[in-house]
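One structure below.
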Amino acid sequence: MLPKVLWLAGLLTSAVTVMAKPTVRFGCGTPEPTEEDLANTRVLAALEGEAARSGVMASFANIVVPTYFHVVAGSTSLADGYLTDKMLNDQLDVINSDFAPLGISFSLQGITRTVNTRWSRDQDELQMKQSLRRGDYKTLNVYFVRDLGGNLGYCYFPTTASPGSTAFIRDGCTVHFDTVPGGGFTGYNLGKTATHEIGHWFNLYHTFQGGCTGSGDQIADTPAQSSPSSGCPRGRDSCPNHAGLDPIHNYMDYSNDACYEEFTQGQRVRMHSAWNTLRV
């Protein structure tokens, strides 16, 4: 009897090990800004500064972003990334709540579901997006996949992109399916990864961009930060010679989902100016 009990215990332990999700840390695969990206951002910053000095405020007309969700799974099982309508609607609610203070909302135009093993592992990106992408350059396409090689998501900054060009086709955000509300990544399953990545889509850089030197993320009201945060390190001050503590609650840091709370007013201005200037 004892050997049989031990065998069953071992079998159960193995099953739990197979089902358990690995410990994860926030990782964003968004490429570093190119020279063109940096030049575009400098132009936006100059326009915003000129408007502020002249007393003319940037336009804050409400932005409604046409949005498509693309589920790209390895099979029709949830474990392989086949997200339910409820999980997708919960994700939509999260981004609408997070961006609402900025006057930005997302109108879901459609959901596609595709079973493709390679695409679900973020392989053949351009081929996948040529097949699935919808809308114009003001349309947000979010691709939920099951494997991003250790990252939780990535997105692309707005740039000059004529319809049909590579920049146009690849535009959008790719997000690990386990980061949506109810997903399997403990600490990162409240849907905030999508918020972070969509920030990039609106031309926001990481709050730690450039470290403690230079112009950082080129937004004045995000304190300098030497490196990404992990968890929710309250009181962290990685650039002690600069004013302000690290912006660990900012969606553009690497904190865990429960720590994320805000965008700044400067980020709000940047998103609106990028929408009006670059997403045309």
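To be explicit about the labels: the chains of the structure tokens are called A, B, and onward in the order shown, and within each one the residues are counted from 1, while ligands get numbers from 1 in the order they are shown.
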| task | Find the spatial neighbours of Asn116 in chain A, counting only C-alpha atoms, within a cut-off of 8 Å - ignore same-chain residues fewer than 5 positions away - and output them as a PyMOL selection string. | result | chain A and resi 72-75
| field | Spatial neighbours of range 176-192 of chain A, max dist 9 Å, only C-alpha atoms, sep filter under 5 positions, as a count of residues only | value | 38
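The residue set within 7 Å of Lys138 in chain A, counting only C-alpha atoms and dropping same-chain residues fewer than 6 places from it, reads Val65, Arg279 and Val280 of chain A.
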Keeping only all heavy atoms, write the selected residues as an mmCIF file, in the first residue's frame.
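Generated output (out.cif):
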data_model
loop_
_atom_site.group_PDB
_atom_site.id
_atom_site.type_symbol
_atom_site.label_atom_id
_atom_site.label_comp_id
_atom_site.auth_asym_id
_atom_site.auth_seq_id
_atom_site.Cartn_x
_atom_site.Cartn_y
_atom_site.Cartn_z
ATOM 1 N N VAL A 65 -10.557 55.855 -29.376
ATOM 2 C CA VAL A 65 -9.666 55.046 -30.194
ATOM 3 C C VAL A 65 -10.398 53.795 -30.689
ATOM 4 O O VAL A 65 -10.783 52.937 -29.876
ATOM 5 C CB VAL A 65 -8.421 54.614 -29.397
ATOM 6 C CG1 VAL A 65 -7.463 53.828 -30.289
ATOM 7 C CG2 VAL A 65 -7.722 55.821 -28.783
ATOM 8 N N ARG A 279 -0.388 60.384 -35.260
ATOM 9 C CA ARG A 279 -1.373 59.350 -35.639
ATOM 10 C C ARG A 279 -2.391 59.963 -36.588
ATOM 11 O O ARG A 279 -3.550 60.199 -36.230
ATOM 12 C CB ARG A 279 -2.018 58.737 -34.393
ATOM 13 C CG ARG A 279 -1.025 57.868 -33.649
ATOM 14 C CD ARG A 279 -1.628 56.677 -33.005
ATOM 15 N NE ARG A 279 -0.580 55.747 -32.568
ATOM 16 C CZ ARG A 279 -0.051 54.795 -33.311
ATOM 17 N NH1 ARG A 279 -0.479 54.606 -34.543
ATOM 18 N NH2 ARG A 279 0.908 54.007 -32.847
ATOM 19 N N VAL A 280 -1.941 60.201 -37.786
ATOM 20 C CA VAL A 280 -2.777 60.845 -38.799
ATOM 21 C C VAL A 280 -3.013 59.900 -39.964
ATOM 22 O O VAL A 280 -2.328 58.890 -40.103
ATOM 23 C CB VAL A 280 -2.150 62.163 -39.288
ATOM 24 C CG1 VAL A 280 -2.111 63.160 -38.139
ATOM 25 C CG2 VAL A 280 -0.740 61.924 -39.819
#
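Between Pro247 in chain A and the residues A:Pro223, A:Arg268, A:Gly150, A:Ala167, the shortest atom-to-atom distance, using only C-alpha atoms, involves A:Pro223.
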| Spatial neighbours of Ser105 in chain A, 12 Å, only C-alpha atoms, chain gap at least 4 places, as a VMD selection string | chain A and resid 61 to 67 92 to 101 140 195 198
Mind dumping the selected residues with N, CA and C atoms as a PDB file, in the first residue's frame?
ATOM      1  N   ALA A  61      -9.549  67.763 -26.530  1.00  0.00           N
ATOM      2  CA  ALA A  61     -10.785  67.137 -26.990  1.00  0.00           C
ATOM      3  C   ALA A  61     -10.683  65.637 -26.727  1.00  0.00           C
ATOM      4  N   ASN A  62     -11.773  65.046 -26.284  1.00  0.00           N
ATOM      5  CA  ASN A  62     -11.749  63.627 -25.954  1.00  0.00           C
ATOM      6  C   ASN A  62     -11.332  62.790 -27.164  1.00  0.00           C
ATOM      7  N   ILE A  63     -10.514  61.803 -26.905  1.00  0.00           N
ATOM      8  CA  ILE A  63     -10.036  60.878 -27.933  1.00  0.00           C
ATOM      9  C   ILE A  63     -10.773  59.551 -27.773  1.00  0.00           C
ATOM     10  N   VAL A  64     -11.364  59.071 -28.848  1.00  0.00           N
ATOM     11  CA  VAL A  64     -11.978  57.743 -28.855  1.00  0.00           C
ATOM     12  C   VAL A  64     -11.197  56.893 -29.857  1.00  0.00           C
ATOM     13  N   VAL A  65     -10.557  55.855 -29.376  1.00  0.00           N
ATOM     14  CA  VAL A  65      -9.666  55.046 -30.194  1.00  0.00           C
ATOM     15  C   VAL A  65     -10.398  53.795 -30.689  1.00  0.00           C
ATOM     16  N   PRO A  66     -10.604  53.650 -31.999  1.00  0.00           N
ATOM     17  CA  PRO A  66     -11.153  52.378 -32.506  1.00  0.00           C
ATOM     18  C   PRO A  66     -10.174  51.253 -32.184  1.00  0.00           C
ATOM     19  N   THR A  67     -10.679  50.153 -31.639  1.00  0.00           N
ATOM     20  CA  THR A  67      -9.794  49.119 -31.103  1.00  0.00           C
ATOM     21  C   THR A  67     -10.232  47.733 -31.552  1.00  0.00           C
ATOM     22  N   LEU A  92     -10.760  45.321 -21.565  1.00  0.00           N
ATOM     23  CA  LEU A  92     -11.227  46.584 -22.120  1.00  0.00           C
ATOM     24  C   LEU A  92     -11.635  47.547 -21.010  1.00  0.00           C
ATOM     25  N   ASP A  93     -12.334  47.048 -20.004  1.00  0.00           N
ATOM     26  CA  ASP A  93     -12.744  47.892 -18.884  1.00  0.00           C
ATOM     27  C   ASP A  93     -11.537  48.488 -18.171  1.00  0.00           C
ATOM     28  N   VAL A  94     -10.469  47.697 -18.026  1.00  0.00           N
ATOM     29  CA  VAL A  94      -9.267  48.179 -17.339  1.00  0.00           C
ATOM     30  C   VAL A  94      -8.630  49.335 -18.100  1.00  0.00           C
ATOM     31  N   ILE A  95      -8.408  49.168 -19.387  1.00  0.00           N
ATOM     32  CA  ILE A  95      -7.740  50.259 -20.113  1.00  0.00           C
ATOM     33  C   ILE A  95      -8.639  51.488 -20.190  1.00  0.00           C
ATOM     34  N   ASN A  96      -9.936  51.297 -20.310  1.00  0.00           N
ATOM     35  CA  ASN A  96     -10.823  52.463 -20.315  1.00  0.00           C
ATOM     36  C   ASN A  96     -10.778  53.188 -18.976  1.00  0.00           C
ATOM     37  N   SER A  97     -10.706  52.452 -17.887  1.00  0.00           N
ATOM     38  CA  SER A  97     -10.613  53.078 -16.567  1.00  0.00           C
ATOM     39  C   SER A  97      -9.283  53.796 -16.386  1.00  0.00           C
ATOM     40  N   ASP A  98      -8.189  53.178 -16.824  1.00  0.00           N
ATOM     41  CA  ASP A  98      -6.864  53.767 -16.622  1.00  0.00           C
ATOM     42  C   ASP A  98      -6.648  55.021 -17.456  1.00  0.00           C
ATOM     43  N   PHE A  99      -7.237  55.064 -18.649  1.00  0.00           N
ATOM     44  CA  PHE A  99      -7.031  56.218 -19.532  1.00  0.00           C
ATOM     45  C   PHE A  99      -8.141  57.268 -19.401  1.00  0.00           C
ATOM     46  N   ALA A 100      -9.197  56.963 -18.682  1.00  0.00           N
ATOM     47  CA  ALA A 100     -10.312  57.908 -18.563  1.00  0.00           C
ATOM     48  C   ALA A 100      -9.888  59.272 -18.023  1.00  0.00           C
ATOM     49  N   PRO A 101      -8.998  59.357 -17.012  1.00  0.00           N
ATOM     50  CA  PRO A 101      -8.596  60.675 -16.525  1.00  0.00           C
ATOM     51  C   PRO A 101      -7.883  61.525 -17.570  1.00  0.00           C
ATOM     52  N   LEU A 140      -6.172  51.106 -32.891  1.00  0.00           N
ATOM     53  CA  LEU A 140      -5.315  50.293 -32.037  1.00  0.00           C
ATOM     54  C   LEU A 140      -5.619  48.813 -32.241  1.00  0.00           C
ATOM     55  N   THR A 195      -2.142  48.467 -20.439  1.00  0.00           N
ATOM     56  CA  THR A 195      -2.087  49.916 -20.196  1.00  0.00           C
ATOM     57  C   THR A 195      -0.689  50.447 -20.476  1.00  0.00           C
ATOM     58  N   ILE A 198       0.086  50.330 -24.278  1.00  0.00           N
ATOM     59  CA  ILE A 198      -0.669  51.340 -25.024  1.00  0.00           C
ATOM     60  C   ILE A 198      -0.073  52.725 -24.778  1.00  0.00           C
TER      61      ILE A 198
END
| said: Just list as a ChimeraX atom specification whatever in range 30-244 of chain A DSSP marks as strand (DSSP E or B). | reply: /A:63-73,104-115,140-145,153-155,173-176
| request: Run DSSP on the backbone and give me the residues of range 61-224 of chain A it puts in helix (DSSP H, G or I), as a PyMOL selection string. | output: chain A and resi 78-80+85-102+117-120+125-132+166-170+177-179+192-201
Excluding Trp119 in chain A and residues on its chain fewer than 4 positions from it, collect all residues at most 7 Å away from it, counting only C-alpha atoms, and give them as a JSON list (two decimals) with all heavy atoms, in the first residue's frame.
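Saved to out-v1.json:
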[["chain", "number", "residue", "atom", "x", "y", "z"],
["A", 72, "VAL", "N", -4.52, 35.19, -30.33],
["A", 72, "VAL", "CA", -3.69, 34.31, -31.16],
["A", 72, "VAL", "C", -3.19, 33.19, -30.25],
["A", 72, "VAL", "O", -2.28, 33.38, -29.44],
["A", 72, "VAL", "CB", -2.51, 35.08, -31.78],
["A", 72, "VAL", "CG1", -1.73, 34.17, -32.72],
["A", 72, "VAL", "CG2", -3.02, 36.32, -32.54],
["A", 123, "GLN", "N", 6.15, 34.43, -33.41],
["A", 123, "GLN", "CA", 6.96, 34.20, -34.59],
["A", 123, "GLN", "C", 6.17, 34.62, -35.83],
["A", 123, "GLN", "O", 4.96, 34.62, -35.84],
["A", 123, "GLN", "CB", 7.35, 32.72, -34.68],
["A", 123, "GLN", "CG", 8.20, 32.26, -33.50],
["A", 123, "GLN", "CD", 8.44, 30.77, -33.49],
["A", 123, "GLN", "OE1", 7.90, 30.03, -34.31],
["A", 123, "GLN", "NE2", 9.25, 30.31, -32.55],
["A", 124, "ASP", "N", 6.90, 35.04, -36.87],
["A", 124, "ASP", "CA", 6.27, 35.52, -38.11],
["A", 124, "ASP", "C", 5.36, 36.72, -37.82],
["A", 124, "ASP", "O", 4.21, 36.78, -38.28],
["A", 124, "ASP", "CB", 5.47, 34.41, -38.79],
["A", 124, "ASP", "CG", 6.31, 33.19, -39.12],
["A", 124, "ASP", "OD1", 7.50, 33.37, -39.46],
["A", 124, "ASP", "OD2", 5.80, 32.06, -39.02],
["A", 125, "GLU", "N", 5.90, 37.69, -37.09],
["A", 125, "GLU", "CA", 5.10, 38.84, -36.67],
["A", 125, "GLU", "C", 4.44, 39.57, -37.83],
["A", 125, "GLU", "O", 3.23, 39.85, -37.81],
["A", 125, "GLU", "CB", 5.97, 39.83, -35.88],
["A", 125, "GLU", "CG", 5.23, 41.08, -35.44],
["A", 125, "GLU", "CD", 6.15, 42.18, -34.95],
["A", 125, "GLU", "OE1", 7.39, 41.99, -34.98],
["A", 125, "GLU", "OE2", 5.64, 43.24, -34.54],
["A", 128, "MET", "N", 1.64, 37.57, -39.47],
["A", 128, "MET", "CA", 0.46, 37.56, -38.61],
["A", 128, "MET", "C", -0.30, 38.88, -38.73],
["A", 128, "MET", "O", -1.53, 38.89, -38.91],
["A", 128, "MET", "CB", 0.86, 37.34, -37.15],
["A", 128, "MET", "CG", -0.29, 37.40, -36.16],
["A", 128, "MET", "SD", 0.26, 37.35, -34.43],
["A", 128, "MET", "CE", 0.85, 39.04, -34.21]]
| request: Mind checking which residues fall within 8 Å of Cys212 in chain A, counting only C-alpha atoms, ignoring those fewer than 5 positions away in the same chain, and posting them as JSON, numbers by chain? | output: {"A": [224, 225, 226, 239, 242]}
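Close contacts of Pro163 in chain A, defined as residues with an atom at most 9 Å away when counting only C-alpha atoms, with chain neighbours fewer than 4 positions off set aside, comprise Asp136, Tyr137, Ala167, Phe168 and Ile169 of chain A.
Closest approach to Pro31 in chain A among A:Ile111, A:Ile104, A:Cys155, A:Ala52: A:Cys155, based on only C-alpha atoms.
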| query | Which is closer to Thr193 in chain A than all the others in A:Leu245, A:Ala161, A:Leu278, A:Met252, using only C-alpha atoms? | reply | A:Met252
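Proximity to Thr174 in chain A was assessed for A:Gly210, A:Gly29, A:Pro240, A:Gly110 counting only C-alpha atoms; the smallest distance is recorded for A:Gly29.
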